[in-house]
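> Let me give you the structure first, and then I'll get to my questions.
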Amino acid sequence: MSTMNSIMDLVKGQVSKIIGNSSEVPEEKKEATVETTTHSLVDGLKKYASVEGLSSLMGGSGGGNSGGMVNSLITNVVTSLTSKVGLSPAIAQKIASSVVPAITSLLKNKVEDDNEPGFNIGSLMS
């Protein structure tokens, strides 16, 4: 499996867990919410898939540009969820605020894990 597929699966799995446990997302909108959130996040991460963007992601939540990147990803997810799925801005913000930090932290841990030598977030650039 390619690294890009691994990243998509990883993001989708985490998003599914968070949204699946949310009582605020109507049952009939959960699948669309998961798909939209996953694609919005991966598309946003691709935008930051440069040396500077990756180093800010890998720098952790307190370092450098990471806060700006996380805020931008949250904004992208909120916009997608309100326009494509029809969620209220408040619910979309709540979802994005829990999903985005969880995903960036998870990706950081995967990249830094010596047991995951094939996991390369740089594949987002291709």
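For the structure tokens, the naming scheme is as follows: chains receive sequential letters (A, B, ...) according to their order of presentation, residues are indexed from 1 within each chain, and ligands are indexed from 1 in presentation order.
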Tell me which protein, DNA and RNA residues are within 12 Å of stretch 11-20 of chain A, counting only C-alpha atoms, leaving out same-chain ones fewer than 4 positions away, and put them as an mmCIF file with N, CA, C and O atoms, in the first residue's frame.

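The file below, result-v2.cif, is the result:
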data_model
loop_
_atom_site.group_PDB
_atom_site.id
_atom_site.type_symbol
_atom_site.label_atom_id
_atom_site.label_comp_id
_atom_site.auth_asym_id
_atom_site.auth_seq_id
_atom_site.Cartn_x
_atom_site.Cartn_y
_atom_site.Cartn_z
ATOM 1 N N MET A 4 0.566 7.389 0.572
ATOM 2 C CA MET A 4 -0.593 8.275 0.452
ATOM 3 C C MET A 4 -1.861 7.553 0.898
ATOM 4 O O MET A 4 -2.674 8.111 1.632
ATOM 5 N N ASN A 5 -2.023 6.290 0.478
ATOM 6 C CA ASN A 5 -3.185 5.519 0.925
ATOM 7 C C ASN A 5 -3.140 5.294 2.431
ATOM 8 O O ASN A 5 -4.169 5.324 3.095
ATOM 9 N N SER A 6 -1.946 5.061 2.953
ATOM 10 C CA SER A 6 -1.792 4.880 4.403
ATOM 11 C C SER A 6 -2.220 6.139 5.152
ATOM 12 O O SER A 6 -2.897 6.054 6.176
ATOM 13 N N ILE A 7 -1.821 7.289 4.647
ATOM 14 C CA ILE A 7 -2.179 8.554 5.282
ATOM 15 C C ILE A 7 -3.692 8.756 5.220
ATOM 16 O O ILE A 7 -4.322 9.092 6.223
ATOM 17 N N GLU A 24 -23.793 15.066 18.191
ATOM 18 C CA GLU A 24 -24.249 16.309 17.566
ATOM 19 C C GLU A 24 -24.385 16.195 16.046
ATOM 20 O O GLU A 24 -25.006 17.037 15.426
ATOM 21 N N VAL A 25 -23.764 15.166 15.461
ATOM 22 C CA VAL A 25 -23.864 14.971 14.015
ATOM 23 C C VAL A 25 -25.015 14.003 13.759
ATOM 24 O O VAL A 25 -24.993 12.875 14.261
ATOM 25 N N PRO A 26 -26.020 14.439 12.996
ATOM 26 C CA PRO A 26 -27.138 13.533 12.699
ATOM 27 C C PRO A 26 -26.638 12.261 12.024
ATOM 28 O O PRO A 26 -25.708 12.299 11.214
ATOM 29 N N GLU A 27 -27.228 11.139 12.369
ATOM 30 C CA GLU A 27 -26.790 9.835 11.865
ATOM 31 C C GLU A 27 -26.684 9.823 10.342
ATOM 32 O O GLU A 27 -25.732 9.301 9.776
ATOM 33 N N GLU A 28 -27.661 10.440 9.678
ATOM 34 C CA GLU A 28 -27.664 10.423 8.206
ATOM 35 C C GLU A 28 -26.573 11.293 7.587
ATOM 36 O O GLU A 28 -26.313 11.220 6.392
ATOM 37 N N LYS A 29 -25.925 12.112 8.399
ATOM 38 C CA LYS A 29 -24.847 12.973 7.884
ATOM 39 C C LYS A 29 -23.459 12.506 8.314
ATOM 40 O O LYS A 29 -22.463 13.107 7.933
ATOM 41 N N LYS A 30 -23.379 11.437 9.104
ATOM 42 C CA LYS A 30 -22.078 11.012 9.627
ATOM 43 C C LYS A 30 -21.117 10.575 8.521
ATOM 44 O O LYS A 30 -19.955 10.955 8.526
ATOM 45 N N GLU A 31 -21.599 9.769 7.578
ATOM 46 C CA GLU A 31 -20.702 9.302 6.509
ATOM 47 C C GLU A 31 -20.183 10.472 5.672
ATOM 48 O O GLU A 31 -18.989 10.566 5.396
ATOM 49 N N ALA A 32 -21.059 11.392 5.300
ATOM 50 C CA ALA A 32 -20.636 12.568 4.527
ATOM 51 C C ALA A 32 -19.685 13.435 5.346
ATOM 52 O O ALA A 32 -18.735 14.008 4.802
ATOM 53 N N THR A 33 -19.924 13.503 6.647
ATOM 54 C CA THR A 33 -19.059 14.294 7.526
ATOM 55 C C THR A 33 -17.660 13.683 7.584
ATOM 56 O O THR A 33 -16.653 14.398 7.503
ATOM 57 N N VAL A 34 -17.584 12.361 7.697
ATOM 58 C CA VAL A 34 -16.286 11.678 7.728
ATOM 59 C C VAL A 34 -15.550 11.897 6.403
ATOM 60 O O VAL A 34 -14.371 12.274 6.400
ATOM 61 N N GLU A 35 -16.223 11.663 5.287
ATOM 62 C CA GLU A 35 -15.586 11.811 3.969
ATOM 63 C C GLU A 35 -15.116 13.245 3.746
ATOM 64 O O GLU A 35 -13.987 13.483 3.309
ATOM 65 N N THR A 36 -15.986 14.206 4.027
ATOM 66 C CA THR A 36 -15.652 15.611 3.804
ATOM 67 C C THR A 36 -14.499 16.053 4.696
ATOM 68 O O THR A 36 -13.577 16.732 4.242
ATOM 69 N N THR A 37 -14.544 15.658 5.960
ATOM 70 C CA THR A 37 -13.477 16.026 6.896
ATOM 71 C C THR A 37 -12.153 15.410 6.459
ATOM 72 O O THR A 37 -11.114 16.091 6.439
ATOM 73 N N THR A 38 -12.170 14.140 6.076
ATOM 74 C CA THR A 38 -10.953 13.452 5.645
ATOM 75 C C THR A 38 -10.334 14.146 4.432
ATOM 76 O O THR A 38 -9.144 14.468 4.432
ATOM 77 N N HIS A 39 -11.146 14.398 3.415
ATOM 78 C CA HIS A 39 -10.614 15.017 2.194
ATOM 79 C C HIS A 39 -10.145 16.449 2.446
ATOM 80 O O HIS A 39 -9.108 16.867 1.921
ATOM 81 N N SER A 40 -10.871 17.178 3.258
ATOM 82 C CA SER A 40 -10.474 18.546 3.573
ATOM 83 C C SER A 40 -9.143 18.571 4.313
ATOM 84 O O SER A 40 -8.265 19.393 4.014
ATOM 85 N N LEU A 41 -8.979 17.651 5.257
ATOM 86 C CA LEU A 41 -7.722 17.572 6.009
ATOM 87 C C LEU A 41 -6.547 17.184 5.119
ATOM 88 O O LEU A 41 -5.489 17.805 5.168
ATOM 89 N N VAL A 42 -6.738 16.155 4.309
ATOM 90 C CA VAL A 42 -5.637 15.697 3.454
ATOM 91 C C VAL A 42 -5.289 16.771 2.426
ATOM 92 O O VAL A 42 -4.108 17.040 2.182
ATOM 93 N N ASP A 43 -6.302 17.414 1.856
ATOM 94 C CA ASP A 43 -6.027 18.501 0.905
ATOM 95 C C ASP A 43 -5.283 19.641 1.592
ATOM 96 O O ASP A 43 -4.348 20.220 1.028
ATOM 97 N N LEU A 45 -3.353 19.349 4.274
ATOM 98 C CA LEU A 45 -1.993 18.885 4.567
ATOM 99 C C LEU A 45 -1.120 18.937 3.319
ATOM 100 O O LEU A 45 0.066 19.268 3.404
ATOM 101 N N VAL A 77 -11.620 22.754 7.286
ATOM 102 C CA VAL A 77 -12.578 21.710 7.664
ATOM 103 C C VAL A 77 -13.938 22.338 7.979
ATOM 104 O O VAL A 77 -14.977 21.851 7.511
ATOM 105 N N ILE A 91 -21.190 23.319 15.280
ATOM 106 C CA ILE A 91 -20.865 21.887 15.283
ATOM 107 C C ILE A 91 -19.634 21.625 14.439
ATOM 108 O O ILE A 91 -18.745 20.857 14.828
ATOM 109 N N ALA A 92 -19.551 22.275 13.276
ATOM 110 C CA ALA A 92 -18.381 22.103 12.400
ATOM 111 C C ALA A 92 -17.106 22.539 13.123
ATOM 112 O O ALA A 92 -16.072 21.865 13.041
ATOM 113 N N LYS A 94 -16.607 22.597 16.382
ATOM 114 C CA LYS A 94 -16.325 21.639 17.456
ATOM 115 C C LYS A 94 -15.640 20.390 16.889
ATOM 116 O O LYS A 94 -14.657 19.892 17.458
ATOM 117 N N ILE A 95 -16.130 19.888 15.761
ATOM 118 C CA ILE A 95 -15.529 18.718 15.120
ATOM 119 C C ILE A 95 -14.100 19.031 14.686
ATOM 120 O O ILE A 95 -13.170 18.290 14.992
ATOM 121 N N ALA A 96 -13.941 20.130 13.967
ATOM 122 C CA ALA A 96 -12.615 20.494 13.450
ATOM 123 C C ALA A 96 -11.621 20.716 14.577
ATOM 124 O O ALA A 96 -10.456 20.307 14.479
ATOM 125 N N SER A 97 -12.073 21.327 15.667
ATOM 126 C CA SER A 97 -11.175 21.622 16.791
ATOM 127 C C SER A 97 -10.716 20.370 17.517
ATOM 128 O O SER A 97 -9.685 20.395 18.194
ATOM 129 N N SER A 98 -11.468 19.281 17.404
ATOM 130 C CA SER A 98 -11.000 18.040 18.026
ATOM 131 C C SER A 98 -10.265 17.157 17.024
ATOM 132 O O SER A 98 -9.289 16.497 17.375
ATOM 133 N N VAL A 99 -10.687 17.171 15.763
ATOM 134 C CA VAL A 99 -10.087 16.293 14.756
ATOM 135 C C VAL A 99 -8.691 16.767 14.333
ATOM 136 O O VAL A 99 -7.753 15.976 14.286
ATOM 137 N N VAL A 100 -8.546 18.044 14.014
ATOM 138 C CA VAL A 100 -7.285 18.535 13.442
ATOM 139 C C VAL A 100 -6.091 18.336 14.377
ATOM 140 O O VAL A 100 -5.084 17.753 13.967
ATOM 141 N N PRO A 101 -6.157 18.765 15.638
ATOM 142 C CA PRO A 101 -4.994 18.523 16.519
ATOM 143 C C PRO A 101 -4.699 17.033 16.707
ATOM 144 O O PRO A 101 -3.540 16.627 16.779
ATOM 145 N N ALA A 102 -5.750 16.215 16.765
ATOM 146 C CA ALA A 102 -5.547 14.771 16.919
ATOM 147 C C ALA A 102 -4.801 14.199 15.706
ATOM 148 O O ALA A 102 -3.884 13.390 15.857
ATOM 149 N N ILE A 103 -5.191 14.625 14.513
ATOM 150 C CA ILE A 103 -4.558 14.111 13.287
ATOM 151 C C ILE A 103 -3.125 14.607 13.160
ATOM 152 O O ILE A 103 -2.224 13.828 12.844
ATOM 153 N N THR A 104 -2.885 15.885 13.400
ATOM 154 C CA THR A 104 -1.508 16.393 13.269
ATOM 155 C C THR A 104 -0.587 15.728 14.284
ATOM 156 O O THR A 104 0.553 15.387 13.969
ATOM 157 N N SER A 105 -1.083 15.498 15.481
ATOM 158 C CA SER A 105 -0.289 14.815 16.500
ATOM 159 C C SER A 105 -0.011 13.363 16.094
ATOM 160 O O SER A 105 1.115 12.867 16.223
ATOM 161 N N LEU A 106 -1.028 12.694 15.588
ATOM 162 C CA LEU A 106 -0.881 11.307 15.156
ATOM 163 C C LEU A 106 0.131 11.190 14.016
ATOM 164 O O LEU A 106 0.998 10.313 14.025
ATOM 165 N N LEU A 107 0.034 12.084 13.035
ATOM 166 C CA LEU A 107 0.974 12.056 11.910
ATOM 167 C C LEU A 107 2.398 12.327 12.376
ATOM 168 O O LEU A 107 3.342 11.677 11.935
ATOM 169 N N LYS A 110 3.687 9.187 13.943
ATOM 170 C CA LYS A 110 3.964 8.155 12.935
ATOM 171 C C LYS A 110 5.285 8.432 12.226
ATOM 172 O O LYS A 110 6.080 7.525 12.001
#
> How many Å lie between atom CA of A:Lys84 and atom CA of A:Gly44, rounded to one decimal?
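Value for the atom CA of A:Lys84-atom CA of A:Gly44 distance: 16.0 Å.
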> Distance atom CA of A:Thr79-atom CA of A:Ser22, one decimal place?
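Straight-line distance from atom CA of A:Thr79 to atom CA of A:Ser22 works out to 18.7 Å.
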> Quick one: distance from atom CA of A:Asn21 to atom CA of A:Glu112 in Å, one decimal?
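Pair atom CA of A:Asn21 / atom CA of A:Glu112 returns 28.3 Å.
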